[in-house]
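Undergrad: Next up, final.cif (mmCIF, C-alpha atoms).
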data_structure
loop_
_atom_site.label_atom_id
_atom_site.label_comp_id
_atom_site.auth_asym_id
_atom_site.auth_seq_id
_atom_site.Cartn_x
_atom_site.Cartn_y
_atom_site.Cartn_z
CA MET A 10 39.34 -122.64 66.02
CA ASP A 11 41.26 -119.43 66.72
CA ASN A 12 40.51 -118.25 63.16
CA ILE A 13 36.78 -118.33 63.62
CA SER A 14 35.55 -114.70 63.47
CA THR A 15 32.71 -113.40 65.37
CA PRO A 16 29.77 -111.83 63.63
CA GLY A 17 30.28 -108.16 62.76
CA SER A 18 34.04 -108.40 62.67
CA GLN A 19 36.30 -108.23 59.56
CA PRO A 20 38.98 -110.71 58.65
CA PRO A 21 42.44 -109.38 59.57
CA ASN A 22 44.09 -110.11 56.23
CA SER A 23 41.34 -108.75 53.89
CA SER A 24 42.63 -106.80 50.78
CA ILE A 25 39.48 -104.64 50.44
CA VAL A 26 39.45 -101.66 52.79
CA GLU A 27 36.02 -100.09 53.12
CA PRO A 28 35.69 -96.54 54.53
CA THR A 29 34.04 -96.15 57.84
CA VAL A 30 30.88 -94.10 58.31
CA VAL A 31 32.79 -91.18 59.82
CA GLU A 32 35.20 -91.07 56.93
CA ALA A 33 32.32 -91.12 54.40
CA GLN A 34 30.63 -88.17 56.08
CA THR A 35 33.90 -86.25 56.06
CA VAL A 36 34.44 -86.80 52.33
CA GLU A 37 30.83 -85.79 51.52
CA ALA A 38 31.26 -82.54 53.48
CA ASN A 39 34.47 -81.71 51.63
CA ASN A 40 32.78 -82.27 48.25
CA GLN A 41 29.93 -79.97 49.20
CA GLN A 42 32.44 -77.26 50.12
CA ASN A 43 34.26 -77.61 46.80
CA GLU A 44 31.05 -77.46 44.72
CA GLN A 45 29.74 -73.96 45.69
CA PRO A 46 26.51 -72.84 43.94
CA PRO A 47 26.87 -69.98 41.30
CA ALA A 48 26.26 -66.40 42.47
CA ALA A 49 22.73 -65.10 41.83
CA VAL A 50 22.43 -62.59 38.84
CA SER A 51 21.27 -59.14 39.87
CA GLY A 52 17.83 -58.17 38.46
CA LYS A 53 18.74 -54.37 38.07
CA LYS A 54 18.86 -53.11 34.41
CA ARG A 55 21.84 -51.29 32.98
CA LYS A 56 21.48 -47.49 32.73
CA GLU A 57 20.82 -46.38 29.16
CA VAL A 58 23.43 -44.00 27.74
CA GLU A 59 22.03 -40.93 25.97
CA SER A 60 22.95 -40.69 22.29
CA ARG A 61 25.68 -38.16 21.58
CA SER A 62 25.34 -38.05 17.78
CA ARG A 63 24.62 -34.62 16.32
CA VAL A 64 22.17 -36.08 13.80
CA TRP A 65 19.44 -36.26 16.42
CA ASP A 66 19.22 -32.48 16.38
CA HIS A 67 17.75 -32.82 12.88
CA TYR A 68 15.66 -36.01 13.20
CA VAL A 69 12.68 -37.31 15.19
CA ARG A 70 12.98 -40.84 16.64
CA ILE A 71 10.42 -43.47 15.68
CA LYS A 72 10.34 -46.34 18.23
CA ASP A 73 8.71 -49.79 18.27
CA SER A 74 6.65 -51.42 21.03
CA ASN A 75 9.83 -52.28 22.99
CA ASN A 76 10.87 -48.61 23.05
CA ILE A 77 13.74 -49.25 20.64
CA THR A 78 14.55 -46.67 17.96
CA ILE A 79 14.10 -48.26 14.54
CA GLN A 80 13.53 -45.27 12.24
CA ALA A 81 14.28 -41.55 12.06
CA LYS A 82 12.23 -38.78 10.40
CA CYS A 83 13.87 -35.62 9.01
CA VAL A 84 12.41 -32.48 10.63
CA TYR A 85 12.86 -30.46 7.40
CA CYS A 86 11.60 -32.66 4.55
CA ALA A 87 9.83 -35.43 6.56
CA LYS A 88 11.79 -38.26 4.90
CA VAL A 89 12.06 -41.47 6.96
CA TYR A 90 15.24 -43.60 7.22
CA LYS A 91 16.00 -46.85 9.05
CA CYS A 92 18.49 -46.44 11.86
CA GLU A 93 18.63 -49.58 14.02
CA SER A 94 21.90 -49.43 15.91
CA LYS A 95 23.09 -52.98 15.09
CA ARG A 96 21.90 -53.13 11.47
CA HIS A 97 21.95 -49.65 9.93
CA GLY A 98 23.60 -47.05 12.13
CA THR A 99 23.50 -43.28 11.48
CA SER A 100 25.56 -43.07 8.28
CA SER A 101 22.50 -42.59 6.05
CA LEU A 102 21.17 -39.97 8.45
CA ILE A 103 24.37 -37.96 8.27
CA ALA A 104 24.45 -38.13 4.47
CA HIS A 105 20.88 -36.88 4.18
CA MET A 106 21.42 -34.16 6.77
CA LEU A 107 24.22 -32.67 4.66
CA SER A 108 22.31 -32.89 1.38
CA CYS A 109 18.77 -31.98 2.46
CA LEU A 110 17.58 -29.05 0.33
CA LYS A 111 15.38 -27.71 3.12
CA ASN A 112 18.03 -27.86 5.82
CA PRO A 113 19.21 -24.28 6.48
CA HIS A 114 22.29 -25.55 8.32
CA SER A 115 23.78 -27.34 5.31
CA LYS A 116 24.54 -24.27 3.18
CA ASP A 117 28.27 -24.43 3.94
CA THR A 118 28.57 -28.15 3.20
CA ARG A 119 26.72 -28.34 -0.12
CA GLN A 120 28.53 -28.38 -3.40
CA SER A 121 28.25 -25.41 -5.75
CA LEU A 122 25.97 -25.61 -8.79
CA LEU A 123 26.90 -24.68 -12.34
CA THR A 124 24.96 -21.76 -13.81
CA PHE A 125 24.76 -20.32 -17.32
CA GLN A 126 24.47 -16.55 -17.51
CA ALA A 127 23.58 -15.01 -20.85
CA VAL A 128 25.69 -12.12 -22.17
CA ASN A 129 24.23 -9.24 -24.15
CA THR A 130 24.78 -9.86 -27.86
CA PRO A 131 23.89 -7.84 -30.96
CA LYS A 132 20.30 -8.20 -32.16
CA SER A 133 21.51 -9.55 -35.49
CA SER A 134 23.16 -12.52 -33.79
CA GLU A 135 21.00 -15.65 -33.57
CA THR A 136 23.21 -17.54 -31.13
CA THR A 137 23.14 -17.02 -27.38
CA VAL A 138 26.50 -16.34 -25.77
CA GLY A 139 26.94 -16.85 -22.06
CA GLU A 140 29.32 -17.55 -19.24
CA ILE A 141 29.44 -20.61 -16.96
CA GLY A 142 29.74 -19.85 -13.30
CA CYS A 143 29.23 -21.44 -9.88
CA TRP A 144 26.27 -20.84 -7.59
CA VAL A 145 26.20 -21.54 -3.88
CA PHE A 146 23.29 -20.64 -1.63
CA ASN A 147 24.02 -17.43 0.24
CA GLN A 148 21.35 -15.84 2.41
CA ASP A 149 23.01 -12.42 2.43
CA LEU A 150 23.51 -12.20 -1.35
CA ILE A 151 19.90 -13.18 -2.09
CA ARG A 152 18.68 -10.68 0.47
CA ARG A 153 20.82 -7.97 -1.11
CA ALA A 154 19.40 -8.81 -4.56
CA LEU A 155 15.88 -8.61 -3.13
CA VAL A 156 16.61 -5.13 -1.77
CA LYS A 157 17.93 -3.96 -5.14
CA MET A 158 14.83 -5.35 -6.89
CA ILE A 159 12.58 -3.34 -4.56
CA ILE A 160 14.63 -0.19 -5.21
CA ILE A 161 14.82 -0.55 -9.00
CA ASP A 162 11.18 -1.58 -9.53
CA GLU A 163 9.94 0.91 -6.89
CA LEU A 164 8.03 -1.77 -5.01
CA PRO A 165 6.42 -1.16 -1.60
CA PHE A 166 8.18 -2.58 1.45
CA ARG A 167 5.19 -4.81 2.24
CA PHE A 168 5.84 -6.66 -1.03
CA VAL A 169 8.03 -9.17 0.87
CA GLU A 170 5.13 -10.02 3.18
CA GLY A 171 2.74 -10.83 0.34
CA LEU A 172 1.39 -14.37 0.08
CA GLY A 173 2.22 -14.68 -3.62
CA PHE A 174 5.88 -13.70 -3.13
CA ARG A 175 6.31 -16.13 -0.25
CA MET A 176 4.78 -18.96 -2.30
CA PHE A 177 7.24 -18.14 -5.09
CA ILE A 178 10.21 -18.23 -2.70
CA VAL A 179 9.13 -21.61 -1.28
CA VAL A 180 9.31 -23.06 -4.80
CA ALA A 181 12.32 -21.15 -6.17
CA CYS A 182 14.58 -21.15 -3.09
CA PRO A 183 13.12 -22.97 -0.06
CA ARG A 184 16.14 -22.27 2.12
CA PHE A 185 15.85 -18.50 1.81
CA ILE A 186 14.46 -16.81 4.92
CA VAL A 187 12.22 -13.95 3.78
CA PRO A 188 12.88 -10.79 5.83
CA SER A 189 10.12 -8.52 7.13
CA ARG A 190 9.32 -5.10 5.68
CA TRP A 191 11.07 -3.43 8.61
CA THR A 192 14.25 -5.36 7.86
CA ILE A 193 13.94 -4.43 4.18
CA SER A 194 13.65 -0.74 5.07
CA ARG A 195 16.83 -0.92 7.14
CA ASP A 196 18.66 -2.78 4.35
CA ILE A 197 17.63 -0.10 1.84
CA LEU A 198 19.11 2.59 4.07
CA VAL A 199 22.34 0.57 4.25
CA VAL A 200 22.48 0.32 0.44
CA TYR A 201 21.80 4.06 0.15
CA GLU A 202 24.65 4.93 2.51
CA GLU A 203 27.05 2.61 0.67
CA GLU A 204 26.19 4.05 -2.76
CA ARG A 205 26.33 7.57 -1.38
CA LEU A 206 29.85 7.06 -0.03
CA LYS A 207 30.97 5.49 -3.33
CA LEU A 208 29.62 8.42 -5.35
CA LYS A 209 31.19 10.91 -2.96
CA ALA A 210 34.57 9.20 -3.27
CA PHE A 211 34.30 9.13 -7.09
CA LEU A 212 33.42 12.82 -7.34
CA ARG A 213 36.17 13.73 -4.89
CA GLU A 214 38.88 11.76 -6.72
CA THR A 215 37.97 13.06 -10.19
CA SER A 216 37.93 16.57 -11.59
CA HIS A 217 34.87 16.25 -13.81
CA ARG A 218 32.59 19.20 -14.21
CA VAL A 219 29.05 18.49 -13.10
CA SER A 220 25.80 19.82 -14.50
CA ILE A 221 22.94 20.26 -12.04
CA THR A 222 19.19 20.08 -12.62
CA THR A 223 16.77 20.96 -9.85
CA ASP A 224 13.06 21.41 -9.34
CA SER A 225 10.70 22.00 -6.43
CA TRP A 226 7.02 21.29 -5.80
CA THR A 227 4.40 20.99 -3.07
CA SER A 228 3.08 17.56 -2.11
CA ILE A 229 -0.50 16.64 -1.35
CA GLN A 230 0.38 16.98 2.37
CA ARG A 231 1.33 20.63 1.70
CA ILE A 232 5.05 19.96 2.19
CA ASN A 233 7.60 21.69 -0.04
CA TYR A 234 10.24 19.43 -1.62
CA MET A 235 13.28 19.99 -3.76
CA VAL A 236 15.25 17.44 -5.78
CA VAL A 237 18.79 17.93 -7.09
CA THR A 238 20.21 15.72 -9.86
CA ALA A 239 23.86 15.63 -10.94
CA HIS A 240 24.87 14.84 -14.55
CA PHE A 241 28.49 14.09 -15.48
CA ILE A 242 30.59 12.13 -17.98
CA ASP A 243 33.20 9.71 -16.68
CA SER A 244 36.62 8.89 -18.13
CA GLU A 245 35.03 6.28 -20.44
CA TRP A 246 32.64 8.85 -21.94
CA LYS A 247 29.59 7.42 -20.28
CA LEU A 248 26.85 9.80 -19.14
CA HIS A 249 25.78 9.38 -15.51
CA LYS A 250 22.71 10.78 -13.78
CA ASN A 251 22.39 10.55 -10.00
CA ILE A 252 19.97 12.13 -7.56
CA ILE A 253 22.15 13.68 -4.86
CA ALA A 254 19.44 15.43 -2.79
CA PHE A 255 15.76 14.96 -2.10
CA VAL A 256 14.96 17.25 0.79
CA PRO A 257 12.07 19.31 2.16
CA VAL A 258 12.43 23.10 1.91
CA THR A 259 10.75 25.73 4.01
CA SER A 260 9.58 27.86 1.08
CA HIS A 261 9.63 28.24 -2.71
CA LYS A 262 11.25 31.66 -2.47
CA GLY A 263 14.53 32.17 -4.33
CA GLU A 264 16.63 32.78 -1.20
CA TYR A 265 15.57 29.52 0.43
CA LEU A 266 16.09 27.53 -2.78
CA ALA A 267 19.56 29.02 -3.30
CA LYS A 268 20.67 28.24 0.26
CA ALA A 269 19.36 24.66 0.02
CA LEU A 270 21.20 24.17 -3.28
CA GLU A 271 24.41 25.66 -1.88
CA THR A 272 24.25 23.36 1.16
CA CYS A 273 23.82 20.36 -1.12
CA LEU A 274 26.82 21.28 -3.30
CA LEU A 275 29.09 21.87 -0.30
CA GLU A 276 28.02 18.60 1.31
CA TRP A 277 28.97 16.67 -1.81
CA GLY A 278 32.10 18.71 -2.43
CA LEU A 279 30.88 19.83 -5.87
CA ARG A 280 32.57 23.10 -6.79
CA ASN A 281 33.24 22.46 -10.49
CA VAL A 282 29.67 23.23 -11.55
CA PHE A 283 29.26 23.60 -15.31
CA SER A 284 25.57 24.57 -15.46
CA VAL A 285 22.38 24.63 -13.40
CA THR A 286 19.11 23.89 -15.24
CA VAL A 287 15.84 25.15 -13.73
CA ASP A 288 12.39 26.04 -15.02
CA ASN A 289 11.22 29.56 -15.85
CA ALA A 290 9.70 30.45 -12.50
CA SER A 291 10.62 33.91 -11.25
CA SER A 292 11.87 32.51 -7.93
CA ASN A 293 14.53 30.54 -9.81
CA ASP A 294 15.93 33.76 -11.30
CA THR A 295 16.49 35.07 -7.78
CA ALA A 296 18.03 31.76 -6.69
CA MET A 297 20.44 31.67 -9.64
CA GLY A 298 21.55 35.25 -9.02
CA PHE A 299 22.51 34.30 -5.46
CA LEU A 300 24.18 31.05 -6.56
CA LYS A 301 26.26 32.76 -9.26
CA LYS A 302 27.96 34.91 -6.61
CA LYS A 303 28.80 31.84 -4.54
CA ILE A 304 30.26 29.91 -7.48
CA VAL A 305 32.37 32.91 -8.55
CA SER A 306 33.70 33.22 -4.99
CA TRP A 307 34.73 29.55 -5.10
CA GLY A 308 36.97 30.29 -8.09
CA THR A 309 35.92 27.23 -10.09
CA SER A 310 33.58 28.81 -12.65
CA THR A 311 34.20 29.48 -16.33
CA VAL A 312 33.77 33.00 -17.77
CA LYS A 313 32.60 34.14 -14.34
CA ALA A 314 29.50 31.91 -14.36
CA LYS A 315 27.94 33.95 -17.15
CA TYR A 316 26.28 30.94 -18.83
CA ILE A 317 25.67 28.81 -15.78
CA HIS A 318 21.92 29.51 -15.72
CA MET A 319 20.13 27.15 -18.16
CA ARG A 320 16.37 27.23 -18.71
CA CYS A 321 14.51 23.93 -19.06
CA ILE A 322 13.54 23.31 -22.71
CA ALA A 323 10.63 21.10 -21.65
CA HIS A 324 9.14 23.95 -19.63
CA ILE A 325 9.65 26.36 -22.51
CA LEU A 326 7.91 23.96 -24.88
CA ASN A 327 5.04 23.65 -22.40
CA LEU A 328 4.61 27.42 -22.35
CA VAL A 329 4.62 27.55 -26.14
CA VAL A 330 1.97 24.84 -26.42
CA GLN A 331 -0.17 26.46 -23.71
CA ASP A 332 -0.14 29.71 -25.71
CA GLY A 333 -1.15 27.75 -28.81
CA LEU A 334 -4.01 26.14 -26.91
CA LYS A 335 -5.50 29.55 -26.26
CA GLU A 336 -6.23 29.90 -30.00
CA CYS A 337 -8.61 26.91 -29.89
CA ASP A 338 -9.48 27.04 -26.23
CA SER A 339 -13.24 26.83 -26.76
CA SER A 340 -12.97 23.67 -28.91
CA VAL A 341 -10.64 21.99 -26.42
CA LYS A 342 -13.03 22.83 -23.58
CA LYS A 343 -15.94 21.23 -25.45
CA VAL A 344 -13.95 18.05 -26.02
CA ARG A 345 -12.92 18.00 -22.35
CA GLU A 346 -16.52 18.40 -21.17
CA VAL A 347 -17.92 15.64 -23.40
CA VAL A 348 -15.15 13.23 -22.42
CA ARG A 349 -15.75 13.97 -18.74
CA TYR A 350 -19.52 13.47 -19.25
CA VAL A 351 -19.05 10.00 -20.75
CA ARG A 352 -16.42 8.85 -18.24
CA ASN A 353 -18.30 9.99 -15.11
CA SER A 354 -21.02 7.32 -15.49
CA PRO A 355 -20.36 3.57 -15.93
CA ALA A 356 -23.70 3.21 -17.73
CA ARG A 357 -22.86 5.99 -20.23
CA LEU A 358 -19.37 4.58 -20.74
CA LYS A 359 -20.79 1.10 -21.47
CA LYS A 360 -23.31 2.54 -23.92
CA PHE A 361 -20.50 4.48 -25.60
CA ARG A 362 -18.43 1.32 -26.03
CA ASP A 363 -21.40 -0.60 -27.40
CA LEU A 364 -21.92 2.10 -30.03
CA ALA A 365 -18.21 1.94 -30.91
CA ASP A 366 -18.49 -1.83 -31.45
CA LEU A 367 -21.64 -1.35 -33.51
CA LEU A 368 -19.90 1.18 -35.75
CA GLY A 369 -16.91 -1.13 -36.14
CA ILE A 370 -14.38 1.14 -34.44
CA GLU A 371 -11.60 -1.05 -33.09
CA GLN A 372 -9.41 0.86 -30.69
CA ARG A 373 -7.53 -0.50 -27.70
CA SER A 374 -7.28 2.83 -25.89
CA SER A 375 -10.37 4.30 -24.28
CA LEU A 376 -11.32 7.93 -23.81
CA CYS A 377 -8.59 9.90 -22.09
CA LEU A 378 -9.24 12.93 -19.87
CA ASP A 379 -6.42 15.45 -19.74
CA VAL A 380 -4.76 17.50 -17.01
CA PRO A 381 -5.05 21.12 -18.22
CA THR A 382 -1.55 22.06 -17.00
CA ARG A 383 0.11 19.26 -19.00
CA TRP A 384 -0.01 19.79 -22.73
CA ASN A 385 1.00 16.23 -23.58
CA SER A 386 -2.07 14.86 -21.77
CA THR A 387 -4.25 17.33 -23.70
CA TYR A 388 -2.78 15.97 -26.91
CA LEU A 389 -3.64 12.40 -25.89
CA MET A 390 -7.20 13.44 -25.05
CA LEU A 391 -7.67 15.09 -28.46
CA GLN A 392 -6.16 12.10 -30.24
CA SER A 393 -8.56 9.63 -28.57
CA ALA A 394 -11.56 11.96 -29.17
CA LEU A 395 -10.81 12.13 -32.89
CA THR A 396 -10.77 8.34 -33.02
CA TYR A 397 -14.31 8.20 -31.61
CA GLN A 398 -15.68 11.16 -33.62
CA LYS A 399 -18.43 9.05 -35.29
CA VAL A 400 -19.42 7.61 -31.90
CA PHE A 401 -19.98 11.11 -30.51
CA GLU A 402 -22.16 11.99 -33.51
CA SER A 403 -24.16 8.77 -33.03
CA CYS A 404 -24.67 9.52 -29.32
CA GLU A 405 -26.03 12.95 -30.18
CA GLU A 406 -28.57 11.44 -32.60
CA SER A 407 -29.67 8.39 -30.58
CA ASP A 408 -29.56 9.73 -27.02
CA SER A 409 -31.79 12.70 -26.24
CA SER A 410 -30.26 13.24 -22.80
CA PHE A 411 -26.77 13.53 -24.33
CA LYS A 412 -27.51 16.90 -25.92
CA SER A 413 -29.82 18.14 -23.18
CA ASP A 414 -27.23 17.50 -20.44
CA LEU A 415 -24.29 19.01 -22.31
CA GLY A 416 -26.12 21.86 -24.05
CA ASP A 417 -23.67 24.01 -25.97
CA SER A 418 -20.72 21.86 -24.86
CA VAL A 419 -21.33 19.26 -27.56
CA PRO A 420 -18.39 19.46 -30.00
CA ASN A 421 -19.22 19.72 -33.69
CA PHE A 422 -17.33 18.56 -36.72
CA TYR A 423 -15.65 21.92 -37.10
CA GLY A 424 -14.46 21.95 -33.52
CA LEU A 425 -12.95 18.49 -33.85
CA GLY A 426 -11.34 19.54 -37.11
CA VAL A 427 -9.58 22.39 -35.34
CA CYS A 428 -8.40 19.93 -32.71
CA GLU A 429 -7.08 17.66 -35.45
CA GLN A 430 -5.08 20.51 -36.95
CA PHE A 431 -3.73 21.38 -33.52
CA GLY A 432 -2.84 17.73 -32.92
CA GLY A 433 -0.77 17.74 -36.08
CA VAL A 434 1.10 20.84 -34.92
CA VAL A 435 1.76 19.31 -31.49
CA GLU A 436 2.97 16.10 -33.12
CA MET A 437 5.70 18.10 -34.83
CA PHE A 438 7.11 19.01 -31.43
CA LEU A 439 7.09 15.36 -30.38
#
As structure tokens, how would this structure be written, given the file I've shared?
TA:
Amino acid sequence: MDNISTPGSQPPNSSIVEPTVVEAQTVEANNQQNEQPPAAVSGKKRKEVESRSRVWDHYVRIKDSNNITIQAKCVYCAKVYKCESKRHGTSSLIAHMLSCLKNPHSKDTRQSLLTFQAVNTPKSSETTVGEIGCWVFNQDLIRRALVKMIIIDELPFRFVEGLGFRMFIVVACPRFIVPSRWTISRDILVVYEEERLKLKAFLRETSHRVSITTDSWTSIQRINYMVVTAHFIDSEWKLHKNIIAFVPVTSHKGEYLAKALETCLLEWGLRNVFSVTVDNASSNDTAMGFLKKKIVSWGTSTVKAKYIHMRCIAHILNLVVQDGLKECDSSVKKVREVVRYVRNSPARLKKFRDLADLLGIEQRSSLCLDVPTRWNSTYLMLQSALTYQKVFESCEESDSSFKSDLGDSVPNFYGLGVCEQFGGVVEMFL
């Protein structure tokens, strides 16, 4: 009876111990404290780092819709390369940057090219002999060669600004930067000063005697000029000819010419003068008389400068031929007038050529009008007139205005025959 339990009570000797409500709540709270929720991820994006590779100075980025760089375009040759950071990288970009033919910054990193330069061989030899060398792009050397080409070929400075030359450079050497005409003019002055100093040093270190030729004239702008040329033989027996002065002079009088020539010789340090060749003008006789005294006072002349004055053989020959022209002056004048008459009108010149074709006269050279003060041009005029002798006779017969316009200036067969004889005499001098 004592063991009878009341409702809601537990038996005292039970082996199963159930937690109370308070204990259950305490355990649940501890578990919630141990299981903390994960920290929330921040929604702020990471700051993009700017690319530090030097290749991007030579390429343009090509990006996709997500603003990710997937390709790169060369700014020089417009070639496109893939450059995704995780798949390709920038290795291909660097390789192309160093080898791009249009990249002006890769001249120091490119390999040299083999070149074959031909060597002058005797004409009888059928084989070509040459030397193998290395070529590397060099802006300064190409520019120097361009300056020398302009000097040797006597090209105008604006040649470098021509469209045809620039198109040629783009094909032949795209990396070459063509200078302006003002830069070319400055480079030519630099080359002149360098060559001038070299020639001065050579003449100062050697004891060669120098022969001088000089002449003076008046330009179309009415400015008097004088040129002085030095001729000498070096230690290897090679003849050299160099222009050492090209200067304006105040007058063509002998005193002024002598002082200008003396100043030029002293500037170049030329005292061992062997001879001075001038033309037969009377002012040159006065100039040479003054110069002889100066050379004798220098103590470097031979036989007291007795034979230092040389007269130009070309000028002497011109005087001889001009005297010979006076013997057939009337015939030469008639030929000159008829040639001028035909050349002054395009219609007459075309009719003259048509008659020449009709008569079967094949001649490449056309009618030549002479300069009366130059005997060689007179010879060329007479030579071409004799070739078209039958054409002149045909013009006289078929064209009534030909004879009426010229009158007595029409050359006849006898006049041309005299010219032919004179041409044979002149040809002996040639």
Undergrad: Restricting the calculation to all atoms listed in the file, which member of A:Asn233, A:Thr286, A:Ser375, A:Ser62 is positioned closest to Ile221 of chain A?
TA: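 Looking only at the distances to Ile221 of chain A, the closest residue turns out to be A:Thr286.
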Undergrad: Neighbours of Ile103 of chain A within 10 Å (all atoms listed in the file; same-chain residues fewer than 5 positions away dropped), as a ChimeraX atom specification?
TA: /A:62-65,67,98,108
Undergrad: Convert the output of the PyMOL selection byres ((chain A and resi 304) around 10) on the shown file into explicit residues, formatted as a list in words.
TA: Glu271, Arg280, Asn281, Val282, Phe299, Leu300, Lys301, Lys302, Lys303, Val305, Ser306, Trp307, Gly308, Thr309, Ser310, Thr311, Lys313, Ala314 and Ile317 of chain A
Undergrad: Could you pull the residues within 6 Å of Met235 of chain A, counting all atoms listed in the file, minus those fewer than 4 positions along the same chain, as an MDAnalysis selection string?
TA: chainID A and resid 224:225 255:256
Undergrad: So how far away is atom CA of Val258 of chain A from atom CA of Thr222 of chain A, in Å?
TA: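 Between atom CA of Thr222 of chain A and atom CA of Val258 of chain A the gap works out to 16.3 Å.
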Undergrad: Tell me, in Å to one decimal, how far atom CA of Val347 of chain A is from atom CA of Leu367 of chain A.
TA: 20.1 Å
Undergrad: Within 12 Å of Leu328 of chain A, counting all atoms listed in the file, which residues show up once you throw out same-chain ones fewer than 6 positions away? Write them as a VMD selection string, please.
TA: chain A and resid 288 to 290 321 to 322 334 to 335 382 to 385
Undergrad: If you keep C-alpha atoms, can you produce a file of those selected residues as a CSV table (one decimal), keeping the file's coordinate frame?
TA:
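Once everything was written out, this is again27.csv:
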chain,number,residue,atom,x,y,z
A,288,ASP,CA,12.4,26.0,-15.0
A,289,ASN,CA,11.2,29.6,-15.8
A,290,ALA,CA,9.7,30.4,-12.5
A,321,CYS,CA,14.5,23.9,-19.1
A,322,ILE,CA,13.5,23.3,-22.7
A,334,LEU,CA,-4.0,26.1,-26.9
A,335,LYS,CA,-5.5,29.6,-26.3
A,382,THR,CA,-1.6,22.1,-17.0
A,383,ARG,CA,0.1,19.3,-19.0
A,384,TRP,CA,0.0,19.8,-22.7
A,385,ASN,CA,1.0,16.2,-23.6
Undergrad: Return as AutoDock Vina command-line options the box centre and box size in Å, one decimal, for an axis-aligned box around all listed atoms of segment 88-100 of chain A padded by 6 Å per side.
TA:
--center_x 18.7 --center_y -45.7 --center_z 10.4 --size_x 25.8 --size_y 26.9 --size_z 23.0
Undergrad: Would you compute the distance between atom CA of Asp332 of chain A and atom CA of Trp226 of chain A? Give it in Å to one decimal.
TA: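 Interatomic distance, atom CA of Asp332 of chain A to atom CA of Trp226 of chain A: 22.8 Å.
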Undergrad: As a check of understanding, name the residues that the PyMOL selection byres ((chain A and resi 184-201) around 9) selects in the supplied structure, as JSON, numbers by chain.
TA: {"A": [110, 111, 112, 113, 116, 146, 147, 148, 151, 152, 153, 155, 156, 157, 159, 160, 165, 166, 167, 168, 169, 170, 175, 178, 179, 182, 183, 202, 203, 204, 205, 206]}
Undergrad: Using all atoms listed in the file, which residue out of A:Ile71, A:Ile252, A:Leu172, A:Thr259 lies closest to Thr227 of chain A?
TA: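 Ranking A:Ile71, A:Ile252, A:Leu172, A:Thr259 by distance to Thr227 of chain A, first place goes to A:Thr259.
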Undergrad: For segment 350-362 of chain A, please output as a PyMOL selection string all residues within 9 Å (counting only C-alpha atoms; exclusion window: fewer than 4 positions along the same chain).
TA: chain A and resi 345-346+366-367+375-378+400-401+404+411+414-415
Undergrad: Give me the residues near Cys83 of chain A as a VMD selection string, where near means some atom within 10 Å (using all atoms listed in the file) and where sequence neighbours in that chain fewer than 2 positions away do not count.
TA: chain A and resid 64 to 70 81 85 to 90 102 105 to 106 109 111 to 112
Undergrad: Between A:Phe283, A:Ala269, A:Leu391, A:Arg231, which is the closest to Cys337 of chain A once you count all atoms listed in the file?
TA: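 The closest residue to Cys337 of chain A is A:Leu391.
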Undergrad: Here is a test: counting all atoms listed in the file, which residue of A:Asn76, A:Thr215, A:Gln392, A:Thr272 is nearest to Ser244 of chain A?
TA: A:Thr215
